[in-house]
Structure formats: C-alpha cells, structure tokens
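See below for run-v9.txt, which holds compact mmCIF, N, CA and C atoms.
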# COMPACT_ATOMS: atom_id res chain seq x y z
N VAL N 1 6.52 13.97 -7.68
CA VAL N 1 6.71 12.67 -7.04
C VAL N 1 6.14 11.59 -7.95
N GLN N 2 6.93 10.55 -8.16
CA GLN N 2 6.49 9.41 -8.96
C GLN N 2 6.46 8.17 -8.07
N LEU N 3 5.44 7.36 -8.29
CA LEU N 3 5.24 6.15 -7.49
C LEU N 3 5.06 4.96 -8.42
N GLN N 4 5.84 3.92 -8.22
CA GLN N 4 5.75 2.73 -9.06
C GLN N 4 5.57 1.51 -8.17
N ALA N 5 4.36 0.98 -8.18
CA ALA N 5 4.04 -0.18 -7.35
C ALA N 5 4.26 -1.48 -8.11
N SER N 6 4.61 -2.52 -7.39
CA SER N 6 4.79 -3.85 -7.98
C SER N 6 4.60 -4.90 -6.89
N GLY N 7 4.57 -6.16 -7.32
CA GLY N 7 4.51 -7.25 -6.37
C GLY N 7 3.18 -7.95 -6.27
N GLY N 8 2.19 -7.47 -7.01
CA GLY N 8 0.89 -8.13 -6.98
C GLY N 8 0.93 -9.47 -7.68
N GLY N 9 -0.16 -10.20 -7.54
CA GLY N 9 -0.23 -11.50 -8.19
C GLY N 9 -1.41 -12.31 -7.69
N LEU N 10 -1.39 -13.58 -8.06
CA LEU N 10 -2.43 -14.52 -7.64
C LEU N 10 -1.91 -15.35 -6.48
N VAL N 11 -2.69 -15.43 -5.42
CA VAL N 11 -2.27 -16.18 -4.24
C VAL N 11 -3.48 -16.89 -3.66
N GLN N 12 -3.24 -18.04 -3.06
CA GLN N 12 -4.33 -18.79 -2.46
C GLN N 12 -4.72 -18.20 -1.11
N PRO N 13 -5.95 -18.41 -0.70
CA PRO N 13 -6.35 -17.94 0.64
C PRO N 13 -5.41 -18.46 1.71
N GLY N 14 -5.04 -17.58 2.62
CA GLY N 14 -4.09 -17.92 3.66
C GLY N 14 -2.65 -17.65 3.27
N GLY N 15 -2.44 -17.31 2.03
CA GLY N 15 -1.09 -17.04 1.54
C GLY N 15 -0.63 -15.64 1.85
N SER N 16 0.54 -15.29 1.33
CA SER N 16 1.12 -13.97 1.61
C SER N 16 1.72 -13.36 0.36
N LEU N 17 1.81 -12.05 0.38
CA LEU N 17 2.46 -11.28 -0.68
C LEU N 17 3.07 -10.04 -0.05
N THR N 18 4.11 -9.54 -0.68
CA THR N 18 4.68 -8.26 -0.27
C THR N 18 4.70 -7.33 -1.46
N LEU N 19 4.03 -6.20 -1.32
CA LEU N 19 4.03 -5.18 -2.36
C LEU N 19 5.17 -4.20 -2.12
N SER N 20 5.69 -3.67 -3.21
CA SER N 20 6.74 -2.66 -3.12
C SER N 20 6.34 -1.45 -3.94
N CYS N 21 6.80 -0.31 -3.53
CA CYS N 21 6.54 0.93 -4.27
C CYS N 21 7.81 1.77 -4.25
N VAL N 22 8.36 2.01 -5.43
CA VAL N 22 9.54 2.87 -5.54
C VAL N 22 9.07 4.31 -5.63
N VAL N 23 9.58 5.11 -4.75
CA VAL N 23 9.22 6.53 -4.68
C VAL N 23 10.38 7.36 -5.23
N SER N 24 10.09 8.21 -6.19
CA SER N 24 11.14 9.02 -6.79
C SER N 24 10.64 10.45 -7.00
N GLY N 25 11.54 11.32 -7.37
CA GLY N 25 11.19 12.72 -7.56
C GLY N 25 11.46 13.52 -6.29
N SER N 26 10.55 14.41 -5.96
CA SER N 26 10.71 15.30 -4.80
C SER N 26 10.36 14.56 -3.51
N VAL N 27 11.17 13.57 -3.20
CA VAL N 27 10.90 12.72 -2.04
C VAL N 27 10.92 13.52 -0.75
N PHE N 28 11.74 14.54 -0.70
CA PHE N 28 11.89 15.36 0.51
C PHE N 28 10.59 16.06 0.90
N SER N 29 9.68 16.21 -0.07
CA SER N 29 8.44 16.94 0.18
C SER N 29 7.33 16.06 0.76
N ILE N 30 7.61 14.76 0.86
CA ILE N 30 6.58 13.83 1.28
C ILE N 30 6.43 13.79 2.79
N ASP N 31 5.18 13.82 3.24
CA ASP N 31 4.88 13.78 4.66
C ASP N 31 4.33 12.42 5.08
N VAL N 32 3.61 11.79 4.19
CA VAL N 32 3.00 10.50 4.51
C VAL N 32 2.93 9.64 3.25
N LEU N 33 3.13 8.35 3.42
CA LEU N 33 2.99 7.37 2.35
C LEU N 33 1.94 6.35 2.75
N GLY N 34 1.28 5.77 1.77
CA GLY N 34 0.27 4.78 2.12
C GLY N 34 -0.08 3.87 0.97
N TRP N 35 -0.89 2.88 1.31
CA TRP N 35 -1.44 1.96 0.33
C TRP N 35 -2.97 2.03 0.41
N SER N 36 -3.58 2.15 -0.73
CA SER N 36 -5.03 2.08 -0.81
C SER N 36 -5.39 0.95 -1.76
N ARG N 37 -6.66 0.55 -1.78
CA ARG N 37 -7.07 -0.51 -2.69
C ARG N 37 -8.49 -0.25 -3.17
N GLN N 38 -8.77 -0.80 -4.31
CA GLN N 38 -10.12 -0.69 -4.85
C GLN N 38 -10.52 -2.03 -5.45
N ALA N 39 -11.53 -2.62 -4.85
CA ALA N 39 -12.07 -3.87 -5.37
C ALA N 39 -13.11 -3.56 -6.44
N LEU N 40 -13.34 -4.51 -7.29
CA LEU N 40 -14.29 -4.32 -8.38
C LEU N 40 -15.66 -3.97 -7.85
N GLY N 41 -16.19 -2.83 -8.30
CA GLY N 41 -17.52 -2.41 -7.88
C GLY N 41 -17.59 -1.75 -6.53
N LYS N 42 -16.45 -1.52 -5.92
CA LYS N 42 -16.42 -0.89 -4.61
C LYS N 42 -15.59 0.38 -4.63
N GLU N 43 -15.78 1.19 -3.59
CA GLU N 43 -15.02 2.42 -3.49
C GLU N 43 -13.60 2.13 -3.01
N ARG N 44 -12.70 3.02 -3.36
CA ARG N 44 -11.33 2.88 -2.92
C ARG N 44 -11.26 3.11 -1.41
N GLU N 45 -10.42 2.35 -0.74
CA GLU N 45 -10.25 2.52 0.71
C GLU N 45 -8.77 2.52 1.06
N LEU N 46 -8.46 3.30 2.10
CA LEU N 46 -7.08 3.37 2.58
C LEU N 46 -6.79 2.13 3.40
N VAL N 47 -5.75 1.41 3.04
CA VAL N 47 -5.39 0.17 3.72
C VAL N 47 -4.41 0.43 4.87
N ALA N 48 -3.40 1.23 4.60
CA ALA N 48 -2.38 1.49 5.61
C ALA N 48 -1.62 2.75 5.23
N SER N 49 -1.09 3.42 6.22
CA SER N 49 -0.28 4.61 5.97
C SER N 49 0.85 4.68 6.97
N ILE N 50 1.88 5.44 6.60
CA ILE N 50 3.04 5.63 7.48
C ILE N 50 3.56 7.04 7.29
N THR N 51 3.80 7.74 8.38
CA THR N 51 4.31 9.10 8.30
C THR N 51 5.83 9.10 8.28
N THR N 52 6.41 10.25 8.04
CA THR N 52 7.87 10.36 8.05
C THR N 52 8.42 10.02 9.42
N GLY N 53 7.61 10.21 10.45
CA GLY N 53 8.02 9.89 11.81
C GLY N 53 7.84 8.43 12.16
N GLY N 54 7.27 7.66 11.24
CA GLY N 54 7.11 6.23 11.48
C GLY N 54 5.78 5.82 12.07
N GLU N 55 4.86 6.75 12.25
CA GLU N 55 3.55 6.40 12.78
C GLU N 55 2.74 5.69 11.70
N THR N 56 2.09 4.61 12.10
CA THR N 56 1.33 3.82 11.14
C THR N 56 -0.15 3.75 11.51
N THR N 57 -0.98 3.60 10.50
CA THR N 57 -2.40 3.37 10.70
C THR N 57 -2.83 2.26 9.75
N TYR N 58 -3.85 1.50 10.16
CA TYR N 58 -4.33 0.39 9.36
C TYR N 58 -5.85 0.36 9.31
N LEU N 59 -6.34 -0.12 8.19
CA LEU N 59 -7.75 -0.43 8.07
C LEU N 59 -8.06 -1.55 9.06
N ASP N 60 -9.20 -1.47 9.72
CA ASP N 60 -9.52 -2.47 10.75
C ASP N 60 -9.43 -3.90 10.23
N SER N 61 -9.88 -4.12 9.02
CA SER N 61 -9.95 -5.49 8.50
C SER N 61 -8.58 -6.08 8.17
N VAL N 62 -7.53 -5.27 8.14
CA VAL N 62 -6.19 -5.80 7.84
C VAL N 62 -5.28 -5.72 9.04
N GLU N 63 -5.74 -5.08 10.10
CA GLU N 63 -4.93 -4.94 11.33
C GLU N 63 -4.46 -6.32 11.80
N GLY N 64 -3.16 -6.43 12.04
CA GLY N 64 -2.61 -7.70 12.49
C GLY N 64 -2.19 -8.65 11.37
N ARG N 65 -2.65 -8.37 10.16
CA ARG N 65 -2.27 -9.21 9.01
C ARG N 65 -1.34 -8.49 8.05
N PHE N 66 -1.50 -7.18 7.93
CA PHE N 66 -0.69 -6.39 7.02
C PHE N 66 0.28 -5.52 7.82
N THR N 67 1.45 -5.30 7.24
CA THR N 67 2.44 -4.43 7.85
C THR N 67 3.00 -3.48 6.80
N ILE N 68 2.91 -2.19 7.08
CA ILE N 68 3.48 -1.19 6.18
C ILE N 68 4.84 -0.78 6.73
N SER N 69 5.80 -0.61 5.83
CA SER N 69 7.14 -0.19 6.25
C SER N 69 7.77 0.64 5.13
N ARG N 70 8.84 1.30 5.50
CA ARG N 70 9.47 2.22 4.56
C ARG N 70 10.98 2.15 4.69
N ASP N 71 11.67 2.01 3.58
CA ASP N 71 13.12 2.09 3.53
C ASP N 71 13.48 3.50 3.07
N LYS N 72 13.89 4.32 4.02
CA LYS N 72 14.16 5.72 3.71
C LYS N 72 15.41 5.90 2.86
N VAL N 73 16.32 4.96 2.94
CA VAL N 73 17.56 5.06 2.15
C VAL N 73 17.27 4.75 0.68
N LYS N 74 16.53 3.67 0.46
CA LYS N 74 16.22 3.26 -0.92
C LYS N 74 14.96 3.93 -1.46
N ASN N 75 14.22 4.62 -0.58
CA ASN N 75 12.95 5.26 -0.97
C ASN N 75 11.98 4.24 -1.54
N ILE N 76 11.80 3.18 -0.79
CA ILE N 76 10.86 2.13 -1.17
C ILE N 76 9.85 1.94 -0.04
N LEU N 77 8.60 1.86 -0.42
CA LEU N 77 7.52 1.60 0.52
C LEU N 77 7.09 0.15 0.33
N TYR N 78 6.82 -0.54 1.45
CA TYR N 78 6.42 -1.94 1.39
C TYR N 78 5.06 -2.14 2.05
N LEU N 79 4.39 -3.19 1.62
CA LEU N 79 3.20 -3.66 2.32
C LEU N 79 3.28 -5.18 2.37
N GLN N 80 3.59 -5.68 3.55
CA GLN N 80 3.62 -7.13 3.75
C GLN N 80 2.21 -7.58 4.11
N MET N 81 1.71 -8.54 3.36
CA MET N 81 0.34 -9.02 3.55
C MET N 81 0.37 -10.50 3.88
N LEU N 82 -0.13 -10.84 5.05
CA LEU N 82 -0.18 -12.23 5.50
C LEU N 82 -1.64 -12.67 5.63
N TYR N 83 -1.83 -13.99 5.63
CA TYR N 83 -3.17 -14.57 5.81
C TYR N 83 -4.20 -13.90 4.91
N LEU N 84 -3.86 -13.81 3.65
CA LEU N 84 -4.72 -13.13 2.70
C LEU N 84 -6.05 -13.86 2.56
N GLN N 85 -7.09 -13.06 2.36
CA GLN N 85 -8.44 -13.57 2.23
C GLN N 85 -9.00 -13.10 0.89
N SER N 86 -10.06 -13.76 0.45
CA SER N 86 -10.66 -13.38 -0.83
C SER N 86 -11.11 -11.92 -0.82
N GLU N 87 -11.48 -11.44 0.38
CA GLU N 87 -11.92 -10.04 0.50
C GLU N 87 -10.79 -9.04 0.26
N ASP N 88 -9.55 -9.53 0.25
CA ASP N 88 -8.41 -8.65 0.00
C ASP N 88 -8.15 -8.47 -1.50
N THR N 89 -8.88 -9.18 -2.32
CA THR N 89 -8.71 -9.04 -3.76
C THR N 89 -9.07 -7.63 -4.21
N ALA N 90 -8.13 -6.98 -4.87
CA ALA N 90 -8.32 -5.60 -5.29
C ALA N 90 -7.10 -5.14 -6.07
N VAL N 91 -7.23 -3.97 -6.67
CA VAL N 91 -6.06 -3.29 -7.21
C VAL N 91 -5.50 -2.42 -6.08
N TYR N 92 -4.24 -2.59 -5.81
CA TYR N 92 -3.59 -1.85 -4.73
C TYR N 92 -2.77 -0.70 -5.32
N TYR N 93 -2.91 0.46 -4.68
CA TYR N 93 -2.23 1.67 -5.14
C TYR N 93 -1.31 2.22 -4.06
N CYS N 94 -0.20 2.76 -4.52
CA CYS N 94 0.73 3.44 -3.64
C CYS N 94 0.39 4.93 -3.67
N ASP N 95 0.27 5.54 -2.49
CA ASP N 95 -0.12 6.94 -2.39
C ASP N 95 0.92 7.73 -1.61
N ALA N 96 1.01 9.02 -1.92
CA ALA N 96 1.90 9.90 -1.17
C ALA N 96 1.21 11.22 -0.91
N GLY N 97 1.50 11.77 0.26
CA GLY N 97 0.97 13.08 0.60
C GLY N 97 2.11 14.03 0.91
N ALA N 98 2.11 15.18 0.27
CA ALA N 98 3.17 16.15 0.48
C ALA N 98 2.81 17.11 1.60
N LEU N 99 3.81 17.80 2.08
CA LEU N 99 3.62 18.75 3.18
C LEU N 99 2.66 19.88 2.80
N ASP N 100 2.59 20.21 1.52
CA ASP N 100 1.71 21.30 1.09
C ASP N 100 0.30 20.80 0.77
N GLY N 101 0.04 19.53 1.04
CA GLY N 101 -1.30 18.99 0.83
C GLY N 101 -1.51 18.31 -0.50
N THR N 102 -0.53 18.39 -1.38
CA THR N 102 -0.65 17.72 -2.68
C THR N 102 -0.66 16.21 -2.47
N ARG N 103 -1.50 15.53 -3.25
CA ARG N 103 -1.61 14.07 -3.17
C ARG N 103 -1.13 13.47 -4.48
N PHE N 104 -0.43 12.34 -4.37
CA PHE N 104 0.08 11.64 -5.54
C PHE N 104 -0.37 10.17 -5.46
N ARG N 105 -0.58 9.59 -6.63
CA ARG N 105 -0.97 8.17 -6.67
C ARG N 105 -0.33 7.54 -7.88
N GLY N 106 0.24 6.37 -7.67
CA GLY N 106 0.86 5.65 -8.78
C GLY N 106 -0.10 4.67 -9.42
N GLN N 107 0.38 3.96 -10.43
CA GLN N 107 -0.41 2.92 -11.06
C GLN N 107 -0.57 1.76 -10.08
N GLY N 108 -1.65 1.07 -10.19
CA GLY N 108 -1.93 0.00 -9.25
C GLY N 108 -1.31 -1.32 -9.63
N THR N 109 -1.36 -2.23 -8.67
CA THR N 109 -0.92 -3.60 -8.91
C THR N 109 -2.04 -4.53 -8.42
N GLN N 110 -2.38 -5.49 -9.24
CA GLN N 110 -3.52 -6.36 -8.94
C GLN N 110 -3.13 -7.46 -7.96
N VAL N 111 -3.95 -7.60 -6.94
CA VAL N 111 -3.80 -8.71 -5.99
C VAL N 111 -5.09 -9.54 -6.07
N THR N 112 -4.94 -10.81 -6.37
CA THR N 112 -6.08 -11.70 -6.47
C THR N 112 -5.88 -12.86 -5.51
N VAL N 113 -6.83 -13.03 -4.61
CA VAL N 113 -6.77 -14.13 -3.65
C VAL N 113 -7.86 -15.13 -4.03
N SER N 114 -7.42 -16.28 -4.49
CA SER N 114 -8.37 -17.27 -4.97
C SER N 114 -7.75 -18.65 -4.98
N SER N 115 -8.56 -19.65 -4.74
CA SER N 115 -8.08 -21.02 -4.80
C SER N 115 -8.31 -21.60 -6.21
As structure tokens, the full file:
Amino acid sequence: VQLQASGGGLVQPGGSLTLSCVVSGSVFSIDVLGWSRQALGKERELVASITTGGETTYLDSVEGRFTISRDKVKNILYLQMLYLQSEDTAVYYCDAGALDGTRFRGQGTQVTVSS
C-alpha cells in the first residue's frame, strides 16, 4: 500500500484547508484509514480515522472542526479542516491499517497556522 498526502500549506488562524491522500497498491486489504500529525517537539497523535464501513473517530481537540472522508471509487482520503488554530500546526500523515494488522504511513504534508 502506498500513500501520498498533499494539500498542506500556510493558513491564517480561523482559515481552512483540505488535505488529500491518494491510496494505491493493495487497496482491498485496507481496513481503516486515518490522519495523524506530529508537531515540533511533540509526539505523533491520531487526528481522525475512518473504517471501510464508514465509522469515524476524531481527536477531541478537532471534533466539530475536522471532517474525514473517503472516496472509495478514486481511492482518495480527505481531511477537511475548518477554523484552524495555531495548535493545529504540524506535519500531517496519511495512515492505513490492513486486515492482517500491517500499518502503512505515507510522507507527511506540512500545515502551518500563523498570522
């Protein structure tokens, strides 16, 4: 499984961004997709996830502001981010979990929230 994330950038506080992740390879083996992030000097944290059945989970601090979605036809994972705050500044990674427990992670995309 290969994951290619894009869509990061510089945005002002209160602004929005939508991240995309193209999923390729053994897509049929994937059970769950998600976005994680790692801010400078901090541990990586799971931001949002979505199962093949469409069940979603969110980090408490992004609940109501971020929305994870998946285009099963195009095999693209999205993360819509609204009302961005400086605390959301981080490198965002696209993650995948296979049915056999294997985990995959793509290269990150930088999101910077600053005025």
Counting only C-alpha atoms, the residue of N:Gln2, N:Thr51, N:Thr112, N:Gln80 that sits nearest Thr18 in chain N:
N:Gln80
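The shell of residues at most 10 Å from Leu19 in chain N, with only C-alpha atoms counted and near chain neighbours (fewer than 2 positions) removed, consists of Ala5, Ser6, Gly7, Gly8, Gly9, Leu17, Cys21, Trp35, Ile68, Leu77, Tyr78, Leu79, Gln80, Met81, Tyr92, Tyr93, Cys94, Thr109 and Val111 of chain N.
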So that I have them on file, write out the residues from the current selection with N, CA and C atoms, as a PDB file, keeping the file's coordinate frame.
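out.pdb was written with the following content:
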ATOM      1  N   ALA N   5       4.360   0.980  -8.180  1.00  0.00           N
ATOM      2  CA  ALA N   5       4.040  -0.180  -7.350  1.00  0.00           C
ATOM      3  C   ALA N   5       4.260  -1.480  -8.110  1.00  0.00           C
ATOM      4  N   SER N   6       4.610  -2.520  -7.390  1.00  0.00           N
ATOM      5  CA  SER N   6       4.790  -3.850  -7.980  1.00  0.00           C
ATOM      6  C   SER N   6       4.600  -4.900  -6.890  1.00  0.00           C
ATOM      7  N   GLY N   7       4.570  -6.160  -7.320  1.00  0.00           N
ATOM      8  CA  GLY N   7       4.510  -7.250  -6.370  1.00  0.00           C
ATOM      9  C   GLY N   7       3.180  -7.950  -6.270  1.00  0.00           C
ATOM     10  N   GLY N   8       2.190  -7.470  -7.010  1.00  0.00           N
ATOM     11  CA  GLY N   8       0.890  -8.130  -6.980  1.00  0.00           C
ATOM     12  C   GLY N   8       0.930  -9.470  -7.680  1.00  0.00           C
ATOM     13  N   GLY N   9      -0.160 -10.200  -7.540  1.00  0.00           N
ATOM     14  CA  GLY N   9      -0.230 -11.500  -8.190  1.00  0.00           C
ATOM     15  C   GLY N   9      -1.410 -12.310  -7.690  1.00  0.00           C
ATOM     16  N   LEU N  17       1.810 -12.050   0.380  1.00  0.00           N
ATOM     17  CA  LEU N  17       2.460 -11.280  -0.680  1.00  0.00           C
ATOM     18  C   LEU N  17       3.070 -10.040  -0.050  1.00  0.00           C
ATOM     19  N   CYS N  21       6.800  -0.310  -3.530  1.00  0.00           N
ATOM     20  CA  CYS N  21       6.540   0.930  -4.270  1.00  0.00           C
ATOM     21  C   CYS N  21       7.810   1.770  -4.250  1.00  0.00           C
ATOM     22  N   TRP N  35      -0.890   2.880   1.310  1.00  0.00           N
ATOM     23  CA  TRP N  35      -1.440   1.960   0.330  1.00  0.00           C
ATOM     24  C   TRP N  35      -2.970   2.030   0.410  1.00  0.00           C
ATOM     25  N   ILE N  68       2.910  -2.190   7.080  1.00  0.00           N
ATOM     26  CA  ILE N  68       3.480  -1.190   6.180  1.00  0.00           C
ATOM     27  C   ILE N  68       4.840  -0.780   6.730  1.00  0.00           C
ATOM     28  N   LEU N  77       8.600   1.860  -0.420  1.00  0.00           N
ATOM     29  CA  LEU N  77       7.520   1.600   0.520  1.00  0.00           C
ATOM     30  C   LEU N  77       7.090   0.150   0.330  1.00  0.00           C
ATOM     31  N   TYR N  78       6.820  -0.540   1.450  1.00  0.00           N
ATOM     32  CA  TYR N  78       6.420  -1.940   1.390  1.00  0.00           C
ATOM     33  C   TYR N  78       5.060  -2.140   2.050  1.00  0.00           C
ATOM     34  N   LEU N  79       4.390  -3.190   1.620  1.00  0.00           N
ATOM     35  CA  LEU N  79       3.200  -3.660   2.320  1.00  0.00           C
ATOM     36  C   LEU N  79       3.280  -5.180   2.370  1.00  0.00           C
ATOM     37  N   GLN N  80       3.590  -5.680   3.550  1.00  0.00           N
ATOM     38  CA  GLN N  80       3.620  -7.130   3.750  1.00  0.00           C
ATOM     39  C   GLN N  80       2.210  -7.580   4.110  1.00  0.00           C
ATOM     40  N   MET N  81       1.710  -8.540   3.360  1.00  0.00           N
ATOM     41  CA  MET N  81       0.340  -9.020   3.550  1.00  0.00           C
ATOM     42  C   MET N  81       0.370 -10.500   3.880  1.00  0.00           C
ATOM     43  N   TYR N  92      -4.240  -2.590  -5.810  1.00  0.00           N
ATOM     44  CA  TYR N  92      -3.590  -1.850  -4.730  1.00  0.00           C
ATOM     45  C   TYR N  92      -2.770  -0.700  -5.320  1.00  0.00           C
ATOM     46  N   TYR N  93      -2.910   0.460  -4.680  1.00  0.00           N
ATOM     47  CA  TYR N  93      -2.230   1.670  -5.140  1.00  0.00           C
ATOM     48  C   TYR N  93      -1.310   2.220  -4.060  1.00  0.00           C
ATOM     49  N   CYS N  94      -0.200   2.760  -4.520  1.00  0.00           N
ATOM     50  CA  CYS N  94       0.730   3.440  -3.640  1.00  0.00           C
ATOM     51  C   CYS N  94       0.390   4.930  -3.670  1.00  0.00           C
ATOM     52  N   THR N 109      -1.360  -2.230  -8.670  1.00  0.00           N
ATOM     53  CA  THR N 109      -0.920  -3.600  -8.910  1.00  0.00           C
ATOM     54  C   THR N 109      -2.040  -4.530  -8.420  1.00  0.00           C
ATOM     55  N   VAL N 111      -3.950  -7.600  -6.940  1.00  0.00           N
ATOM     56  CA  VAL N 111      -3.800  -8.710  -5.990  1.00  0.00           C
ATOM     57  C   VAL N 111      -5.090  -9.540  -6.070  1.00  0.00           C
TER      58      VAL N 111
END
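Between atom N of Ile76 in chain N and CA of Glu43 in chain N the separation is 27.0 Å.
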For the atom pair atom C of Phe28 in chain N and atom C of Leu99 in chain N, what is the interatomic distance in Å to one decimal place?
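It comes out at 9.0 Å.
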To test your reading of the structure, identify every residue in chain N that backbone DSSP assigns to strand (DSSP E or B), and report it as a ChimeraX atom specification.
/N:2-6,9-11,17-24,30-38,45-51,56-58,66-71,76-81,90-98,103-105,107,109-113
Pairwise distance for CA of Arg70 in chain N and CA of Ala48 in chain N, rounded to one decimal in Å
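Value for the CA of Arg70 in chain N-CA of Ala48 in chain N distance: 11.9 Å.
The helix (DSSP H, G or I) portion of chain N consists of Val27, Phe28, Ser29, Asp60, Ser61, Val62, Ser86, Glu87 and Asp88 of chain N, with states taken from DSSP on the backbone.
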Of the candidates N:Tyr58, N:Ser69, N:Leu3, N:Ser16, which one gets nearest to Leu82 in chain N if we count only N, CA and C atoms?
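Once distances to Leu82 in chain N are computed over only N, CA and C atoms, the minimum belongs to N:Ser16.
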Please determine an axis-aligned box that encloses all atoms of range 28-34 of chain N listed in the file, with 6 Å added on each side, and express its centre and edge lengths in Å to one decimal as JSON.
{"center_x": 5.9, "center_y": 10.4, "center_z": 2.2, "size_x": 24.0, "size_y": 25.1, "size_z": 17.8}
As a PDB file with N, CA and C atoms, in the coordinates of the input, please: the residues near Leu59 in chain N (cut-off 7 Å, all atoms listed in the file, same-chain neighbours under 3 positions excluded).
ATOM      1  N   LEU N  46      -8.460   3.300   2.100  1.00  0.00           N
ATOM      2  CA  LEU N  46      -7.080   3.370   2.580  1.00  0.00           C
ATOM      3  C   LEU N  46      -6.790   2.130   3.400  1.00  0.00           C
ATOM      4  N   VAL N  47      -5.750   1.410   3.040  1.00  0.00           N
ATOM      5  CA  VAL N  47      -5.390   0.170   3.720  1.00  0.00           C
ATOM      6  C   VAL N  47      -4.410   0.430   4.870  1.00  0.00           C
ATOM      7  N   ALA N  48      -3.400   1.230   4.600  1.00  0.00           N
ATOM      8  CA  ALA N  48      -2.380   1.490   5.610  1.00  0.00           C
ATOM      9  C   ALA N  48      -1.620   2.750   5.230  1.00  0.00           C
ATOM     10  N   SER N  49      -1.090   3.420   6.220  1.00  0.00           N
ATOM     11  CA  SER N  49      -0.280   4.610   5.970  1.00  0.00           C
ATOM     12  C   SER N  49       0.850   4.680   6.970  1.00  0.00           C
ATOM     13  N   VAL N  62      -7.530  -5.270   8.140  1.00  0.00           N
ATOM     14  CA  VAL N  62      -6.190  -5.800   7.840  1.00  0.00           C
ATOM     15  C   VAL N  62      -5.280  -5.720   9.040  1.00  0.00           C
ATOM     16  N   GLU N  63      -5.740  -5.080  10.100  1.00  0.00           N
ATOM     17  CA  GLU N  63      -4.930  -4.940  11.330  1.00  0.00           C
ATOM     18  C   GLU N  63      -4.460  -6.320  11.800  1.00  0.00           C
TER      19      GLU N  63
END
From the set N:Gly108, N:Ser26, N:Ser20, N:Gly53, which residue has the shortest atom-to-atom contact distance to Thr67 in chain N, counting only C-alpha atoms?
N:Ser20
